[in-house]
>>> print(open('target14.txt').read())   # compact mmCIF, C-alpha atoms
# COMPACT_ATOMS: atom_id res chain seq x y z
CA MET R 1 26.55 12.47 -27.19
CA ALA R 2 23.96 12.78 -29.97
CA SER R 3 23.02 9.12 -29.72
CA LEU R 4 22.65 9.42 -25.93
CA VAL R 5 20.27 12.34 -26.37
CA GLU R 6 18.28 10.32 -28.92
CA VAL R 7 18.09 7.40 -26.47
CA LEU R 8 16.92 9.82 -23.77
CA ILE R 9 14.24 11.29 -26.06
CA ASP R 10 13.06 7.79 -27.01
CA THR R 11 12.94 6.73 -23.35
CA LEU R 12 11.05 9.87 -22.34
CA ASN R 13 8.55 9.27 -25.17
CA LYS R 14 7.94 5.73 -23.93
CA GLU R 15 7.62 6.95 -20.33
CA GLU R 16 5.10 9.57 -21.35
CA SER R 17 3.10 6.96 -23.24
CA GLU R 18 3.02 4.68 -20.19
CA TYR R 19 1.97 7.56 -17.93
CA VAL R 20 -0.89 8.34 -20.31
CA THR R 21 -1.94 4.68 -20.09
CA LEU R 22 -1.78 4.90 -16.29
CA LEU R 23 -3.85 8.09 -16.39
CA ASP R 24 -6.52 6.39 -18.51
CA LEU R 25 -6.67 3.49 -16.06
CA SER R 26 -7.03 5.89 -13.14
CA ARG R 27 -9.89 7.63 -14.92
CA LYS R 28 -11.60 4.26 -15.45
CA LYS R 29 -11.15 3.46 -11.79
CA THR R 30 -13.21 6.40 -10.49
CA PRO R 31 -16.69 5.20 -11.58
CA VAL R 32 -15.78 1.64 -10.60
CA ILE R 33 -14.95 2.81 -7.07
CA VAL R 34 -18.19 4.79 -6.87
CA ALA R 35 -20.19 1.76 -8.02
CA GLY R 36 -18.36 -0.51 -5.57
CA GLU R 37 -17.46 -3.07 -8.23
CA ILE R 38 -14.59 -4.84 -6.48
CA GLU R 39 -13.83 -7.34 -9.26
CA LYS R 40 -13.46 -4.60 -11.87
CA LEU R 41 -11.36 -2.55 -9.46
CA GLN R 42 -9.03 -5.53 -8.94
CA LYS R 43 -8.68 -6.00 -12.71
CA ILE R 44 -7.81 -2.32 -13.22
CA THR R 45 -5.35 -2.44 -10.33
CA ASP R 46 -3.63 -5.46 -11.90
CA GLU R 47 -3.35 -3.58 -15.20
CA GLU R 48 -1.93 -0.58 -13.35
CA GLN R 49 0.68 -2.78 -11.71
CA SER R 50 1.93 -4.03 -15.08
CA VAL R 51 2.17 -0.41 -16.32
CA VAL R 52 4.06 0.57 -13.16
CA ASP R 53 6.48 -2.32 -13.73
CA ARG R 54 7.16 -1.09 -17.27
CA LEU R 55 7.57 2.46 -15.95
CA ALA R 56 10.13 1.27 -13.41
CA ALA R 57 12.19 -0.31 -16.18
CA LEU R 58 11.96 2.85 -18.30
CA ASP R 59 12.89 5.00 -15.32
CA SER R 60 15.96 2.87 -14.74
CA LYS R 61 16.93 3.21 -18.40
CA ARG R 62 16.41 6.99 -18.25
CA ALA R 63 18.57 7.27 -15.13
CA GLU R 64 21.31 5.21 -16.78
CA THR R 65 21.18 7.41 -19.88
CA MET R 66 21.36 10.55 -17.73
CA ARG R 67 24.43 9.08 -15.97
CA ASP R 68 26.05 8.45 -19.34
CA ILE R 69 25.26 11.99 -20.50
CA ALA R 70 26.67 13.40 -17.26
CA ASP R 71 29.88 11.39 -17.78
CA VAL R 72 30.27 12.62 -21.37
CA MET R 73 29.61 16.23 -20.37
CA ASN R 74 31.78 15.95 -17.26
CA ARG R 75 28.88 16.93 -14.97
CA ASP R 76 27.74 15.66 -11.61
CA VAL R 77 24.98 13.12 -12.22
CA THR R 78 23.18 14.08 -8.99
CA THR R 79 22.72 17.68 -10.12
CA LEU R 80 22.03 17.05 -13.81
CA LYS R 81 18.30 17.53 -14.40
CA LEU R 82 16.32 17.73 -17.62
CA SER R 83 16.08 21.51 -17.24
CA HIS R 84 19.90 21.74 -17.07
CA LEU R 85 20.23 19.48 -20.09
CA ILE R 86 17.80 21.68 -22.02
CA GLU R 87 19.96 24.70 -21.25
CA MET R 88 23.11 22.85 -22.35
CA LEU R 89 21.53 21.89 -25.67
CA GLU R 90 20.92 25.44 -26.84
CA LYS R 91 23.13 24.85 -29.91
CA ARG R 92 20.92 21.90 -30.89
CA PRO R 93 17.43 23.39 -31.01
CA SER R 94 15.61 20.33 -32.36
CA GLU R 95 16.83 18.07 -29.54
CA ARG R 96 16.39 20.84 -26.95
CA ASP R 97 12.80 21.51 -28.07
CA ALA R 98 11.96 17.80 -28.12
CA ILE R 99 13.22 17.28 -24.58
CA ALA R 100 11.50 20.47 -23.35
CA ALA R 101 8.18 19.41 -24.89
CA LEU R 102 8.46 15.92 -23.40
CA ARG R 103 9.31 17.33 -19.97
CA ASP R 104 6.28 19.64 -20.10
CA ARG R 105 3.94 16.85 -21.23
CA LEU R 106 5.28 14.53 -18.54
CA LYS R 107 4.77 17.18 -15.87
CA ALA R 108 1.19 17.82 -17.00
CA THR R 109 0.34 14.12 -17.21
CA VAL R 110 1.86 13.29 -13.83
CA GLY R 111 0.10 16.30 -12.27
CA GLU R 112 -3.26 15.17 -13.61
CA LEU R 113 -2.53 11.59 -12.53
CA LYS R 114 -1.77 12.78 -9.01
CA MET R 115 -5.03 14.74 -8.88
CA ILE R 116 -7.13 11.76 -10.04
CA ASN R 117 -5.33 9.37 -7.70
CA ASP R 118 -5.97 11.74 -4.77
CA GLN R 119 -9.64 11.83 -5.72
CA ASN R 120 -9.77 8.01 -5.98
CA ARG R 121 -8.01 7.67 -2.62
CA GLU R 122 -10.62 9.92 -1.02
CA LEU R 123 -13.47 7.94 -2.61
CA ILE R 124 -12.00 4.67 -1.30
CA ARG R 125 -11.55 6.20 2.15
CA GLN R 126 -15.18 7.33 2.18
CA SER R 127 -16.34 3.89 1.03
CA LEU R 128 -14.35 2.27 3.82
CA ASP R 129 -15.82 4.74 6.33
CA ILE R 130 -19.34 3.78 5.21
CA VAL R 131 -18.56 0.07 5.48
CA ASP R 132 -17.06 0.64 8.94
CA PHE R 133 -20.13 2.62 10.00
CA ASN R 134 -22.48 -0.13 8.80
CA LEU R 135 -20.47 -2.82 10.59
CA ASN R 136 -20.51 -0.81 13.81
CA LEU R 137 -24.25 -0.28 13.45
CA ILE R 138 -24.86 -3.99 13.03
CA LYS R 139 -22.61 -4.82 15.99
CA SER R 140 -24.32 -2.25 18.20
CA GLN R 141 -27.77 -3.63 17.41
CA ARG R 142 -26.72 -7.10 18.45
CA SER R 143 -25.20 -5.90 21.69
CA ALA R 144 -27.87 -3.33 22.59
CA PRO R 145 -29.21 -3.45 26.14
CA GLU R 146 -32.52 -5.11 26.78
CA THR R 147 -35.60 -3.10 27.60
CA GLY R 148 -36.86 -2.98 31.17
CA ASN R 149 -39.95 -5.12 30.58
CA TYR R 150 -40.72 -7.88 33.04
CA ASN R 151 -43.21 -10.73 33.05
CA ARG R 152 -45.45 -11.89 35.98
CA SER R 153 -42.72 -13.95 37.59
CA ALA R 154 -40.31 -10.97 37.59
CA GLY R 155 -38.28 -12.43 34.76
CA ILE R 156 -37.00 -10.18 32.02
CA ALA R 157 -39.40 -10.21 29.11
CA GLY R 158 -37.82 -7.35 27.21
CA SER R 159 -36.14 -7.42 23.90
CA ALA R 160 -33.00 -5.71 22.66
CA LEU R 161 -33.34 -2.05 21.78
CA GLY R 162 -33.46 -1.35 18.10
CA GLY R 163 -35.90 -4.03 17.09
CA PRO R 164 -35.52 -7.71 16.37
CA THR R 165 -32.04 -9.15 16.15
CA GLY R 166 -32.89 -11.57 13.37
CA GLY R 167 -32.17 -10.75 9.75
CA PHE R 168 -35.75 -11.18 8.49
CA ASP R 169 -38.94 -9.73 9.92
CA ALA R 170 -41.88 -11.83 8.68
CA LYS R 171 -44.49 -9.56 10.35
CA GLN R 172 -44.09 -6.81 7.79
>>> encode(input="target14.txt", output="structure tokens")
Amino acid sequence: MASLVEVLIDTLNKEESEYVTLLDLSRKKTPVIVAGEIEKLQKITDEEQSVVDRLAALDSKRAETMRDIADVMNRDVTTLKLSHLIEMLEKRPSERDAIAALRDRLKATVGELKMINDQNRELIRQSLDIVDFNLNLIKSQRSAPETGNYNRSAGIAGSALGGPTGGFDAKQ
């Protein structure tokens, strides 16, 4: 049992380290999103994906260790949580305190990560809304109705509303 708890503590330490790395990447992403630097955003996203892959492996290892601990303690693995394990380890204060501290740090890190990711998601949504608005504006200028101006032969001499449809106005 002691070695299983040590494996769990080691795995939780590694998970916490990876979450801190993910948090740092998310913090780097915010100014990149604001600046609209797509290449840098792609690079950060690729780095995040490799961290997430490592986290998935660590999560699998942690779940396996929790299953082993549940088997040794004759507990149901579906109901065994870190908080229950902390309570069960009251006779081993060093291990209990280590797991409790790791759980608290993980909760704080994941909470902050969620907050920053929500902020980044909103920034991306706003950027996409601006791009969509600009595209609609450009489309509407090209399909604007013509003015009601006619020439001497009763032909339409008007131009599209909103100014010239070309991309460059040499008159200015």
>>> residues_around(input="target14.txt", residues="Ser3 of chain R", least_positions_apart="5", cutoff="10 Å", atoms="only C-alpha atoms", output="ChimeraX atom specification")
/R:8-9,69
>>> atom_distance(input="target14.txt", atom1="atom CA of Val32 of chain R", atom2="atom CA of Ile44 of chain R")
9.3 Å
>>> residues_around(input="target14.txt", residues="Asp118 of chain R", least_positions_apart="5", cutoff="12 Å", atoms="only C-alpha atoms", output="PDB file with C-alpha atoms, keeping the file's coordinate frame")
ATOM      1  CA  SER R  26      -7.030   5.890 -13.140  1.00  0.00           C
ATOM      2  CA  ARG R  27      -9.890   7.630 -14.920  1.00  0.00           C
ATOM      3  CA  THR R  30     -13.210   6.400 -10.490  1.00  0.00           C
ATOM      4  CA  GLY R 111       0.100  16.300 -12.270  1.00  0.00           C
ATOM      5  CA  GLU R 112      -3.260  15.170 -13.610  1.00  0.00           C
ATOM      6  CA  LEU R 113      -2.530  11.590 -12.530  1.00  0.00           C
ATOM      7  CA  LEU R 123     -13.470   7.940  -2.610  1.00  0.00           C
ATOM      8  CA  ILE R 124     -12.000   4.670  -1.300  1.00  0.00           C
ATOM      9  CA  ARG R 125     -11.550   6.200   2.150  1.00  0.00           C
TER      10      ARG R 125
END
>>> closest_residue(input="target14.txt", among="R:Lys61, R:Asp97, R:Met73, R:Asn117", to="Asp10 of chain R", atoms="all atoms listed in the file")
R:Lys61
>>> residues_around(input="target14.txt", residues="segment 35-37 of chain R", least_positions_apart="2", cutoff="12 Å", atoms="all atoms listed in the file", output="ChimeraX atom specification")
/R:28-33,39-44,123-124,126-128,130-131
>>> atom_distance(input="target14.txt", atom1="atom CA of Arg62 of chain R", atom2="atom CA of Val5 of chain R")
10.5 Å
>>> atom_distance(input="target14.txt", atom1="atom CA of Leu85 of chain R", atom2="atom CA of Glu18 of chain R")
22.7 Å
>>> residues_around(input="target14.txt", residues="Asp71 of chain R", least_positions_apart="6", cutoff="12 Å", atoms="all atoms listed in the file", output="ChimeraX atom specification")
/R:1,4,64-65,77-78,80
>>> closest_residue(input="target14.txt", among="R:Ala2, R:Leu135, R:Leu23, R:Ile86", to="Asp68 of chain R", atoms="only C-alpha atoms")
R:Ala2
>>> axis_aligned_box(input="target14.txt", around="segment 74-88 of chain R", padding_each_side="8 Å", output="JSON")
{"center_x": 23.9, "center_y": 18.9, "center_z": -15.7, "size_x": 31.7, "size_y": 27.6, "size_z": 29.4}
>>> closest_residue(input="target14.txt", among="R:Lys91, R:Arg103, R:Lys81, R:Lys139", to="Thr11 of chain R", atoms="only C-alpha atoms")
R:Arg103
>>> residues_around(input="target14.txt", residues="segment 45-58 of chain R", least_positions_apart="6", cutoff="8 Å", atoms="only C-alpha atoms", output="list of chain:residue names")
R:Thr11, R:Lys14, R:Glu15, R:Glu18, R:Tyr19, R:Thr21, R:Leu22, R:Leu25
>>> decode(input="target14.txt", residues="segment 14-85 of chain R", atoms="C-alpha atoms", output="PDB file, in the first residue's frame")
ATOM      1  CA  LYS R  14       3.923  15.199 -12.495  1.00  0.00           C
ATOM      2  CA  GLU R  15       0.310  16.067 -13.336  1.00  0.00           C
ATOM      3  CA  GLU R  16       0.545  19.299 -11.397  1.00  0.00           C
ATOM      4  CA  SER R  17       3.759  20.183 -13.207  1.00  0.00           C
ATOM      5  CA  GLU R  18       2.128  19.584 -16.596  1.00  0.00           C
ATOM      6  CA  TYR R  19      -0.915  21.665 -15.620  1.00  0.00           C
ATOM      7  CA  VAL R  20       1.400  24.526 -14.639  1.00  0.00           C
ATOM      8  CA  THR R  21       3.041  24.233 -18.071  1.00  0.00           C
ATOM      9  CA  LEU R  22      -0.399  24.315 -19.691  1.00  0.00           C
ATOM     10  CA  LEU R  23      -1.311  27.356 -17.602  1.00  0.00           C
ATOM     11  CA  ASP R  24       1.835  29.183 -18.743  1.00  0.00           C
ATOM     12  CA  LEU R  25       1.015  28.401 -22.376  1.00  0.00           C
ATOM     13  CA  SER R  26      -2.527  29.697 -21.918  1.00  0.00           C
ATOM     14  CA  ARG R  27      -1.170  32.913 -20.438  1.00  0.00           C
ATOM     15  CA  LYS R  28       1.142  33.310 -23.450  1.00  0.00           C
ATOM     16  CA  LYS R  29      -1.792  32.754 -25.767  1.00  0.00           C
ATOM     17  CA  THR R  30      -3.815  35.761 -24.566  1.00  0.00           C
ATOM     18  CA  PRO R  31      -1.620  38.562 -26.019  1.00  0.00           C
ATOM     19  CA  VAL R  32      -1.078  36.505 -29.174  1.00  0.00           C
ATOM     20  CA  ILE R  33      -4.850  36.272 -29.685  1.00  0.00           C
ATOM     21  CA  VAL R  34      -5.252  40.009 -29.085  1.00  0.00           C
ATOM     22  CA  ALA R  35      -2.488  40.777 -31.596  1.00  0.00           C
ATOM     23  CA  GLY R  36      -3.991  38.363 -34.142  1.00  0.00           C
ATOM     24  CA  GLU R  37      -0.711  36.519 -34.693  1.00  0.00           C
ATOM     25  CA  ILE R  38      -2.033  33.285 -36.182  1.00  0.00           C
ATOM     26  CA  GLU R  39       1.350  31.591 -36.676  1.00  0.00           C
ATOM     27  CA  LYS R  40       2.333  32.098 -33.041  1.00  0.00           C
ATOM     28  CA  LEU R  41      -1.102  30.944 -31.917  1.00  0.00           C
ATOM     29  CA  GLN R  42      -0.704  27.745 -33.954  1.00  0.00           C
ATOM     30  CA  LYS R  43       2.718  27.102 -32.409  1.00  0.00           C
ATOM     31  CA  ILE R  44       1.351  27.559 -28.877  1.00  0.00           C
ATOM     32  CA  THR R  45      -1.613  25.323 -29.677  1.00  0.00           C
ATOM     33  CA  ASP R  46       0.744  22.597 -30.906  1.00  0.00           C
ATOM     34  CA  GLU R  47       2.741  22.860 -27.670  1.00  0.00           C
ATOM     35  CA  GLU R  48      -0.500  22.656 -25.688  1.00  0.00           C
ATOM     36  CA  GLN R  49      -1.479  19.503 -27.544  1.00  0.00           C
ATOM     37  CA  SER R  50       1.757  17.765 -26.580  1.00  0.00           C
ATOM     38  CA  VAL R  51       1.188  18.754 -22.927  1.00  0.00           C
ATOM     39  CA  VAL R  52      -2.388  17.457 -23.111  1.00  0.00           C
ATOM     40  CA  ASP R  53      -1.100  14.157 -24.521  1.00  0.00           C
ATOM     41  CA  ARG R  54       1.305  13.815 -21.586  1.00  0.00           C
ATOM     42  CA  LEU R  55      -1.507  14.724 -19.184  1.00  0.00           C
ATOM     43  CA  ALA R  56      -3.717  12.007 -20.669  1.00  0.00           C
ATOM     44  CA  ALA R  57      -1.013   9.414 -20.036  1.00  0.00           C
ATOM     45  CA  LEU R  58      -0.521  10.651 -16.462  1.00  0.00           C
ATOM     46  CA  ASP R  59      -4.269  10.646 -15.868  1.00  0.00           C
ATOM     47  CA  SER R  60      -4.443   7.054 -17.028  1.00  0.00           C
ATOM     48  CA  LYS R  61      -1.596   6.117 -14.687  1.00  0.00           C
ATOM     49  CA  ARG R  62      -3.300   7.932 -11.790  1.00  0.00           C
ATOM     50  CA  ALA R  63      -6.593   6.136 -12.461  1.00  0.00           C
ATOM     51  CA  GLU R  64      -4.792   2.785 -12.569  1.00  0.00           C
ATOM     52  CA  THR R  65      -3.032   3.552  -9.277  1.00  0.00           C
ATOM     53  CA  MET R  66      -6.348   4.564  -7.689  1.00  0.00           C
ATOM     54  CA  ARG R  67      -7.852   1.243  -8.874  1.00  0.00           C
ATOM     55  CA  ASP R  68      -4.955  -0.625  -7.281  1.00  0.00           C
ATOM     56  CA  ILE R  69      -5.353   1.303  -4.028  1.00  0.00           C
ATOM     57  CA  ALA R  70      -9.100   0.608  -4.040  1.00  0.00           C
ATOM     58  CA  ASP R  71      -8.398  -3.121  -4.517  1.00  0.00           C
ATOM     59  CA  VAL R  72      -5.896  -3.197  -1.651  1.00  0.00           C
ATOM     60  CA  MET R  73      -8.237  -1.281   0.661  1.00  0.00           C
ATOM     61  CA  ASN R  74     -11.272  -3.291  -0.467  1.00  0.00           C
ATOM     62  CA  ARG R  75     -13.117  -0.138  -1.609  1.00  0.00           C
ATOM     63  CA  ASP R  76     -15.246   0.619  -4.614  1.00  0.00           C
ATOM     64  CA  VAL R  77     -13.026   2.293  -7.207  1.00  0.00           C
ATOM     65  CA  THR R  78     -15.906   4.433  -8.505  1.00  0.00           C
ATOM     66  CA  THR R  79     -16.433   6.077  -5.117  1.00  0.00           C
ATOM     67  CA  LEU R  80     -12.795   6.366  -4.042  1.00  0.00           C
ATOM     68  CA  LYS R  81     -11.735   9.993  -4.431  1.00  0.00           C
ATOM     69  CA  LEU R  82      -8.613  11.793  -3.258  1.00  0.00           C
ATOM     70  CA  SER R  83     -10.579  13.357  -0.403  1.00  0.00           C
ATOM     71  CA  HIS R  84     -11.597   9.867   0.807  1.00  0.00           C
ATOM     72  CA  LEU R  85      -8.026   8.647   0.505  1.00  0.00           C
TER      73      LEU R  85
END
